[in-house]
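> What follows is entry14.tsv; its format and atoms are TSV, C-alpha atoms.
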```
chain	number	residue	atom	x	y	z
A	1	MET	CA	28.32	-18.98	-2.52
A	2	ASN	CA	26.80	-18.09	-5.89
A	3	GLN	CA	23.55	-19.88	-5.19
A	4	PRO	CA	20.29	-18.61	-3.67
A	5	ILE	CA	19.80	-19.57	-0.03
A	6	ALA	CA	16.58	-20.45	1.80
A	7	ALA	CA	15.45	-18.00	4.49
A	8	GLU	CA	12.51	-17.32	6.76
A	9	ALA	CA	11.10	-13.80	6.42
A	10	TRP	CA	8.28	-11.46	7.24
A	11	VAL	CA	6.77	-10.50	3.87
A	12	ALA	CA	4.49	-7.55	3.16
A	13	THR	CA	1.96	-9.43	1.04
A	14	GLU	CA	0.22	-6.16	0.15
A	15	LEU	CA	0.39	-2.52	1.25
A	16	GLY	CA	-1.40	-1.70	4.51
A	17	ASP	CA	-1.21	-1.92	8.29
A	18	PRO	CA	1.66	-4.19	9.39
A	19	GLY	CA	-0.60	-6.27	11.63
A	20	LYS	CA	-2.79	-7.15	8.66
A	21	VAL	CA	-0.44	-7.51	5.69
A	22	LEU	CA	2.75	-9.07	7.12
A	23	ALA	CA	3.02	-12.85	6.76
A	24	ARG	CA	5.74	-15.33	7.75
A	25	GLN	CA	7.01	-17.02	4.61
A	26	ASN	CA	9.94	-19.04	3.38
A	27	ILE	CA	11.82	-17.17	0.67
A	28	GLU	CA	14.97	-17.47	-1.42
A	29	VAL	CA	17.66	-14.84	-0.98
A	30	ARG	CA	19.75	-14.29	-4.10
A	31	PRO	CA	23.56	-14.37	-4.21
A	32	PRO	CA	25.35	-11.07	-3.51
A	33	GLY	CA	26.48	-8.97	-6.46
A	34	PRO	CA	29.36	-6.48	-6.76
A	35	GLY	CA	29.56	-4.28	-3.68
A	36	GLU	CA	27.11	-6.53	-1.83
A	37	ILE	CA	27.33	-9.07	0.98
A	38	ARG	CA	24.90	-11.74	2.14
A	39	VAL	CA	24.46	-11.80	5.90
A	40	ALA	CA	23.19	-14.52	8.22
A	41	VAL	CA	20.99	-12.21	10.28
A	42	ARG	CA	21.11	-12.35	14.08
A	43	ALA	CA	19.24	-9.18	15.03
A	44	PHE	CA	17.69	-6.02	13.63
A	45	CYS	CA	15.76	-2.96	14.76
A	46	LEU	CA	12.28	-1.81	13.80
A	47	ASN	CA	11.95	1.66	12.28
A	48	PHE	CA	9.20	4.18	11.61
A	49	ASN	CA	10.30	4.21	7.98
A	50	ASP	CA	9.55	0.46	7.81
A	51	ILE	CA	5.95	1.25	8.77
A	52	ASP	CA	5.69	3.91	6.08
A	53	VAL	CA	7.13	1.54	3.46
A	54	ILE	CA	4.69	-1.24	4.44
A	55	LYS	CA	1.77	1.19	4.29
A	56	GLY	CA	2.88	2.50	0.89
A	57	ARG	CA	3.39	6.05	2.21
A	58	TYR	CA	7.14	6.34	1.62
A	59	THR	CA	7.26	8.13	-1.73
A	60	THR	CA	11.07	8.33	-1.65
A	61	MET	CA	11.20	4.57	-2.06
A	62	PRO	CA	7.84	3.11	-3.13
A	63	LEU	CA	7.84	-0.69	-3.20
A	64	PRO	CA	5.26	-2.88	-4.92
A	65	ALA	CA	4.11	-5.83	-2.79
A	66	PRO	CA	5.16	-8.49	-2.08
A	67	PHE	CA	8.48	-7.51	-0.51
A	68	VAL	CA	10.50	-8.05	2.69
A	69	PRO	CA	10.76	-4.81	4.74
A	70	GLY	CA	13.61	-3.98	7.09
A	71	MET	CA	16.38	-1.39	6.78
A	72	GLU	CA	18.93	-2.58	9.38
A	73	THR	CA	20.82	-5.82	9.90
A	74	VAL	CA	23.27	-7.34	12.38
A	75	GLY	CA	24.83	-10.67	11.48
A	76	VAL	CA	27.75	-12.63	10.10
A	77	VAL	CA	28.78	-12.21	6.46
A	78	GLU	CA	28.10	-15.58	4.81
A	79	SER	CA	29.15	-14.69	1.25
A	80	ALA	CA	30.23	-11.63	-0.71
A	81	GLY	CA	30.16	-10.25	-4.22
A	82	PRO	CA	33.26	-9.07	-6.11
A	83	GLY	CA	35.24	-6.50	-4.15
A	84	SER	CA	33.84	-7.37	-0.74
A	85	GLU	CA	35.32	-10.83	-0.14
A	86	HIS	CA	37.41	-9.51	2.78
A	87	LEU	CA	34.21	-9.16	4.82
A	88	ILE	CA	33.32	-12.88	4.77
A	89	GLY	CA	33.09	-14.29	8.30
A	90	ARG	CA	32.89	-10.91	9.99
A	91	ARG	CA	30.03	-9.83	12.24
A	92	ILE	CA	28.72	-6.52	11.00
A	93	VAL	CA	25.91	-4.03	11.28
A	94	GLY	CA	24.72	-2.56	8.00
A	95	ILE	CA	21.87	-1.47	5.76
A	96	PRO	CA	20.23	-3.91	3.34
A	97	MET	CA	20.34	-2.94	-0.32
A	98	MET	CA	17.87	-0.15	-1.11
A	99	ALA	CA	16.91	-0.18	2.61
A	100	PHE	CA	14.62	-3.21	2.51
A	101	GLY	CA	14.98	-6.97	2.96
A	102	GLY	CA	16.11	-6.98	6.58
A	103	TYR	CA	13.18	-8.85	8.17
A	104	ALA	CA	14.68	-12.20	7.23
A	105	SER	CA	17.15	-14.80	8.43
A	106	TYR	CA	19.42	-13.88	5.48
A	107	ALA	CA	19.72	-10.45	3.88
A	108	ILE	CA	21.64	-8.78	1.06
A	109	VAL	CA	23.50	-5.82	2.57
A	110	ASP	CA	25.24	-2.87	0.92
A	111	ALA	CA	28.92	-3.47	1.68
A	112	ALA	CA	29.55	0.30	1.81
A	113	THR	CA	27.42	0.44	4.97
A	114	ALA	CA	28.94	-2.60	6.73
A	115	LEU	CA	30.59	-1.75	10.05
A	116	ASP	CA	32.47	-4.27	12.19
A	117	LEU	CA	31.19	-5.14	15.65
A	118	PRO	CA	33.80	-6.06	18.28
A	119	ASP	CA	33.40	-9.27	20.29
A	120	TRP	CA	32.55	-7.40	23.49
A	121	ILE	CA	29.29	-5.98	22.15
A	122	SER	CA	26.17	-8.13	21.89
A	123	ASP	CA	24.02	-8.58	18.78
A	124	VAL	CA	21.21	-6.64	20.47
A	125	ASP	CA	23.44	-3.71	21.43
A	126	GLY	CA	25.09	-3.80	18.00
A	127	ALA	CA	21.69	-3.38	16.40
A	128	ALA	CA	20.58	-0.68	18.85
A	129	LEU	CA	23.70	1.47	18.45
A	130	HIS	CA	23.65	1.66	14.69
A	131	TYR	CA	21.08	4.15	13.53
A	132	PRO	CA	20.51	6.27	16.65
A	133	PHE	CA	24.19	6.86	17.36
A	134	HIS	CA	25.41	7.13	13.77
A	135	LEU	CA	22.55	9.48	12.88
A	136	GLY	CA	23.04	11.33	16.17
A	137	TRP	CA	26.79	11.67	15.67
A	138	PHE	CA	26.33	12.90	12.10
A	139	ALA	CA	23.55	15.30	13.13
A	140	LEU	CA	25.07	16.71	16.32
A	141	ARG	CA	28.76	16.73	15.41
A	142	GLU	CA	28.89	17.12	11.63
A	143	ARG	CA	25.76	19.14	10.84
A	144	GLY	CA	25.00	20.80	14.19
A	145	ARG	CA	28.59	21.45	15.33
A	146	LEU	CA	27.44	20.94	18.94
A	147	LYS	CA	29.90	22.24	21.51
A	148	PRO	CA	30.22	21.44	25.23
A	149	GLY	CA	28.09	23.77	27.31
A	150	GLU	CA	25.57	24.48	24.56
A	151	THR	CA	21.86	23.82	24.97
A	152	LEU	CA	20.37	21.01	22.88
A	153	LEU	CA	16.62	20.54	22.36
A	154	VAL	CA	15.66	16.95	21.45
A	155	HIS	CA	12.15	16.20	20.23
A	156	ALA	CA	10.54	12.77	20.65
A	157	ALA	CA	13.43	12.05	22.98
A	158	ALA	CA	11.97	8.77	24.26
A	159	GLY	CA	11.91	7.23	20.78
A	160	GLY	CA	14.56	5.33	18.86
A	161	THR	CA	16.52	8.17	17.24
A	162	GLY	CA	15.58	10.80	19.82
A	163	SER	CA	16.86	8.75	22.74
A	164	GLY	CA	20.16	8.30	20.90
A	165	ALA	CA	20.48	12.05	20.35
A	166	LEU	CA	19.70	12.68	24.03
A	167	VAL	CA	22.33	10.25	25.30
A	168	LEU	CA	24.92	11.37	22.76
A	169	GLY	CA	24.23	15.05	23.42
A	170	LYS	CA	24.90	14.56	27.13
A	171	ALA	CA	28.14	12.68	26.35
A	172	LEU	CA	29.23	15.60	24.15
A	173	GLY	CA	28.76	18.02	27.04
A	174	ALA	CA	25.46	19.66	26.16
A	175	ARG	CA	22.64	20.75	28.44
A	176	VAL	CA	19.70	18.74	27.10
A	177	ILE	CA	16.03	19.75	27.05
A	178	ALA	CA	13.96	16.71	26.04
A	179	THR	CA	10.36	16.65	24.81
A	180	ALA	CA	8.02	13.67	24.83
A	181	GLY	CA	4.28	13.03	24.80
A	182	SER	CA	3.47	11.38	28.14
A	183	GLN	CA	4.52	11.41	31.78
A	184	GLU	CA	5.96	7.92	31.43
A	185	LYS	CA	8.09	8.98	28.47
A	186	LEU	CA	9.22	12.12	30.27
A	187	ALA	CA	10.35	9.98	33.22
A	188	PHE	CA	12.20	7.76	30.76
A	189	CYS	CA	14.03	10.80	29.36
A	190	THR	CA	15.01	11.87	32.86
A	191	GLU	CA	16.46	8.41	33.48
A	192	LEU	CA	18.51	8.80	30.29
A	193	GLY	CA	20.05	11.98	31.65
A	194	ALA	CA	17.94	14.86	30.31
A	195	ASP	CA	18.46	18.07	32.28
A	196	HIS	CA	14.88	19.23	31.65
A	197	VAL	CA	11.80	17.49	30.25
A	198	ILE	CA	8.74	19.05	28.59
A	199	ASN	CA	5.51	17.48	27.39
A	200	TYR	CA	5.15	18.68	23.80
A	201	ARG	CA	1.38	18.23	24.13
A	202	ASP	CA	1.38	21.25	26.46
A	203	ASP	CA	0.13	24.35	24.63
A	204	ASP	CA	2.93	26.43	26.12
A	205	TRP	CA	5.88	24.11	25.45
A	206	VAL	CA	7.64	26.80	23.38
A	207	ASN	CA	7.38	29.22	26.30
A	208	GLN	CA	8.76	26.53	28.61
A	209	VAL	CA	11.81	26.13	26.37
A	210	MET	CA	12.33	29.90	26.30
A	211	GLU	CA	12.06	30.13	30.10
A	212	LEU	CA	14.63	27.35	30.52
A	213	THR	CA	17.04	29.28	28.28
A	214	TYR	CA	16.34	32.64	30.00
A	215	GLY	CA	14.78	33.93	26.79
A	216	ARG	CA	17.87	33.24	24.68
A	217	GLY	CA	16.69	30.12	22.85
A	218	VAL	CA	18.52	26.87	22.16
A	219	ASP	CA	21.81	26.40	20.33
A	220	VAL	CA	20.85	23.17	18.57
A	221	ALA	CA	17.48	21.44	18.00
A	222	PHE	CA	17.29	17.78	16.96
A	223	ASP	CA	13.98	17.46	15.15
A	224	ALA	CA	12.98	14.12	13.63
A	225	VAL	CA	9.26	14.92	13.89
A	226	GLY	CA	8.53	17.60	11.30
A	227	GLY	CA	5.28	19.46	10.63
A	228	ASN	CA	3.93	21.78	13.29
A	229	VAL	CA	6.67	20.74	15.72
A	230	THR	CA	9.24	22.15	13.28
A	231	VAL	CA	7.29	25.38	12.79
A	232	GLN	CA	7.02	25.85	16.56
A	233	THR	CA	10.66	24.93	17.11
A	234	PHE	CA	11.72	27.83	14.89
A	235	LYS	CA	10.43	30.06	17.73
A	236	CYS	CA	12.86	28.34	20.11
A	237	MET	CA	16.05	28.90	18.13
A	238	GLY	CA	18.78	31.13	19.55
A	239	PHE	CA	21.01	33.50	17.60
A	240	ASN	CA	23.27	31.41	15.31
A	241	GLY	CA	21.34	28.31	16.40
A	242	ARG	CA	21.26	25.15	14.27
A	243	HIS	CA	17.93	23.42	13.60
A	244	LEU	CA	18.56	19.80	12.55
A	245	MET	CA	15.88	18.55	10.16
A	246	ALA	CA	16.42	14.83	10.78
A	247	GLY	CA	13.11	13.18	9.91
A	248	PHE	CA	9.35	13.36	9.53
A	249	ALA	CA	7.88	11.01	12.13
A	250	GLU	CA	4.66	13.03	12.31
A	251	ASP	CA	3.85	12.18	8.68
A	252	ILE	CA	6.25	11.02	5.97
A	253	ALA	CA	4.29	13.12	3.43
A	254	LEU	CA	5.82	16.19	5.09
A	255	GLU	CA	9.01	15.45	3.13
A	256	ASP	CA	7.29	17.11	0.19
A	257	GLY	CA	5.18	19.56	2.21
A	258	ASP	CA	5.00	23.32	1.76
A	259	TYR	CA	4.42	24.20	5.41
A	260	LEU	CA	7.63	26.16	6.01
A	261	SER	CA	7.87	29.93	5.60
A	262	PRO	CA	11.24	31.61	4.97
A	263	ARG	CA	10.35	34.53	7.27
A	264	PRO	CA	11.13	32.96	10.70
A	265	ILE	CA	14.38	31.55	9.33
A	266	ALA	CA	15.55	34.79	7.76
A	267	TYR	CA	14.52	36.97	10.71
A	268	GLY	CA	15.65	34.39	13.28
A	269	ASN	CA	19.29	34.34	12.17
A	270	PHE	CA	19.60	30.58	12.65
A	271	ASP	CA	20.59	27.72	10.36
A	272	VAL	CA	18.27	25.00	9.09
A	273	CYS	CA	20.45	21.92	8.57
A	274	GLY	CA	19.34	18.96	6.50
A	275	VAL	CA	20.28	15.58	8.01
A	276	CYS	CA	20.21	12.46	5.83
A	277	LEU	CA	22.66	9.69	6.66
A	278	VAL	CA	23.63	7.09	4.07
A	279	TYR	CA	27.25	5.97	3.79
A	280	VAL	CA	28.33	5.47	0.18
A	281	ASN	CA	31.53	4.53	-1.65
A	282	ASP	CA	31.24	7.36	-4.19
A	283	PRO	CA	29.73	10.57	-2.77
A	284	VAL	CA	30.50	12.55	-5.93
A	285	GLY	CA	28.79	9.92	-8.09
A	286	VAL	CA	25.69	10.08	-5.88
A	287	ARG	CA	25.76	13.87	-6.09
A	288	ARG	CA	25.87	13.72	-9.90
A	289	THR	CA	23.21	11.06	-10.35
A	290	LEU	CA	20.73	11.73	-7.53
A	291	GLY	CA	21.60	15.28	-6.53
A	292	PHE	CA	22.06	14.25	-2.87
A	293	ASN	CA	25.06	14.90	-0.63
A	294	TRP	CA	25.79	11.73	1.33
A	295	PRO	CA	28.87	10.97	3.46
A	296	ALA	CA	31.56	8.49	2.46
A	297	ARG	CA	32.10	5.02	3.90
A	298	SER	CA	35.34	6.34	5.45
A	299	ASP	CA	33.31	8.95	7.37
A	300	GLY	CA	31.14	6.16	8.75
A	301	GLN	CA	34.15	4.13	9.83
A	302	ARG	CA	35.64	7.11	11.67
A	303	ALA	CA	32.34	7.81	13.44
A	304	HIS	CA	32.02	4.11	14.33
A	305	VAL	CA	35.38	4.13	16.13
A	306	GLU	CA	34.34	7.18	18.19
A	307	ILE	CA	30.91	5.69	19.01
A	308	LEU	CA	32.32	2.31	20.04
A	309	GLU	CA	34.84	4.00	22.34
A	310	LEU	CA	32.07	6.02	24.00
A	311	ILE	CA	30.18	2.76	24.62
A	312	ARG	CA	33.25	0.82	25.78
A	313	THR	CA	34.15	3.50	28.32
A	314	GLY	CA	30.57	3.76	29.59
A	315	ARG	CA	29.99	7.36	28.48
A	316	ILE	CA	26.95	6.28	26.47
A	317	ARG	CA	24.78	3.18	26.46
A	318	THR	CA	22.34	1.82	23.95
A	319	VAL	CA	18.67	2.43	24.63
A	320	VAL	CA	16.90	-0.90	24.11
A	321	GLY	CA	13.26	-0.35	24.94
A	322	GLU	CA	12.20	-3.92	24.17
A	323	GLN	CA	13.55	-7.16	22.77
A	324	ILE	CA	10.89	-8.46	20.40
A	325	ASP	CA	10.17	-12.11	19.64
A	326	TRP	CA	10.23	-12.97	15.94
A	327	ALA	CA	6.56	-14.00	16.09
A	328	ASP	CA	5.53	-10.67	17.67
A	329	LEU	CA	7.10	-8.44	15.01
A	330	PRO	CA	3.87	-7.18	13.34
A	331	ASN	CA	2.28	-6.37	16.70
A	332	ALA	CA	5.41	-4.48	17.76
A	333	LEU	CA	5.22	-2.36	14.61
A	334	GLU	CA	1.58	-1.56	15.36
A	335	ARG	CA	2.49	-0.45	18.89
A	336	MET	CA	5.33	1.66	17.50
A	337	ALA	CA	2.94	3.31	15.03
A	338	ALA	CA	0.59	4.09	17.95
A	339	ARG	CA	3.47	5.80	19.85
A	340	GLN	CA	3.32	3.17	22.59
A	341	THR	CA	7.02	2.25	22.58
A	342	THR	CA	10.26	3.76	23.87
A	343	GLY	CA	13.86	3.38	22.76
A	344	ARG	CA	14.93	0.84	20.17
A	345	LEU	CA	12.86	-2.28	19.44
A	346	VAL	CA	15.28	-5.09	18.65
A	347	VAL	CA	14.25	-8.38	17.04
A	348	SER	CA	16.53	-11.39	17.51
A	349	THR	CA	16.27	-14.10	14.87
A	350	GLY	CA	17.87	-16.89	16.88
A	351	HIS	CA	20.16	-17.34	13.88
A	352	HIS	CA	23.78	-18.06	14.75
A	353	GLY	CA	24.95	-19.49	11.48
```
The structure given in the file should be rewritten as structure tokens.

Amino acid sequence: MNQPIAAEAWVATELGDPGKVLARQNIEVRPPGPGEIRVAVRAFCLNFNDIDVIKGRYTTMPLPAPFVPGMETVGVVESAGPGSEHLIGRRIVGIPMMAFGGYASYAIVDAATALDLPDWISDVDGAALHYPFHLGWFALRERGRLKPGETLLVHAAAGGTGSGALVLGKALGARVIATAGSQEKLAFCTELGADHVINYRDDDWVNQVMELTYGRGVDVAFDAVGGNVTVQTFKCMGFNGRHLMAGFAEDIALEDGDYLSPRPIAYGNFDVCGVCLVYVNDPVGVRRTLGFNWPARSDGQRAHVEILELIRTGRIRTVVGEQIDWADLPNALERMAARQTTGRLVVSTGHHG
């Protein structure tokens, strides 16, 4: 239990394009420390943030190569550090420490993020529900205060987080307008239940949103794209609307950009709501040390119960775009970076230890 364990992993040998710099290697995974668990990994999802980390563009968390990417994990807890022994033997979904290390057959996971998976849900679905639905729940319910009958605009609605917000928004009783960048992706959004679909490559997409809302604008906008999409979305916001700033898929450098003007916000009488989801044991401690407001582990557990019940009763379903073979992981990341994928891309390790 207190010894390193051998694992197979995808290692970023240097910073660059995933298809060029990722290599399969055998590594040693250290024992878990206080507040940590070591997980025998069964499945995980690929994320845009993984691509940015591998390319060295993620200034929030710059990593020197070599390192193992991967910010999500599903598996069975093999060992635990002090304070987390009660999790040993349980199948969980969680976030690896410091949000990397997940592309491996064993991973060190932050115990504060570990959420139990019931027997009736598969490893693949357990991986696919985690970030889209927890982020979506936090964004739509906690930050956006979405009510039944309101209109929700979801950008990049065919992607991993966007598809989750679309499905969850419908389950919460909203009228959903979904944007995507191709006819195939728009058809995909319609299949997921979108009431209206718009190609955001159309020059007049803002006018289309306004027509669909009879000139009133939307109540809530889920925006994980950033950049010009955000600026244009401000024109779509209704009175007392809530714009959810949930990510920067267009370019991670936008996190520190200066492209937003206060004028449309002030004159538009709508809220701009920051959305950053990390469950922690000590929110006040994080506030004092990092200056960030992050929700507590107990908040995550409450949301997890609600999300699992929505899945169990069939009101929502996970959106698995592809199941990726271990050997095809770098290529899948390249296709994701080129916007050629839909839904969640889930990698199964074949590990059942």
> Between A:Asp219, A:Glu250, A:Asp299, A:Asp123, which has the minimum distance to A:Tyr279 (counting only C-alpha atoms)?
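Counting only C-alpha atoms, the residue closest to A:Tyr279 is A:Asp299.
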> Neighbouring residues of A:Asp282 were defined as those with any atom within 12 Å, considering only C-alpha atoms; residues of the same chain fewer than 4 positions away were excluded. Please report them as a ChimeraX atom specification.
/A:35,112,278,286-290,292-299
> Could you pull the residues within 7 Å of A:Thr318, counting all atoms listed in the file, minus those fewer than 5 positions along the same chain, as a PyMOL selection string?
chain A and resi 125+128-129
> Excluding A:Asp328 and any residue of its chain fewer than 5 positions from it, enumerate the residues within 12 Å of it, using only C-alpha atoms, and give them as a list in words.
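Result of the neighbour search: Trp10, Pro18, Gly19, Leu22, Ala23, Arg24, Leu46, Glu322, Gln323, Leu333, Glu334, Arg335, Leu345, Val346, Val347, Ser348 and Thr349 of chain A.
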> Calculate how many Å separate atom CA of A:Glu309 from atom CA of A:Ile121, rounding to one decimal.
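Calculated distance between atom CA of A:Glu309 and atom CA of A:Ile121 is 11.4 Å.
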> At what distance in Å, to one decimal, does atom CA of A:Arg344 lie from atom CA of A:Ala187?
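Computing it gives 16.6 Å between the two atoms.
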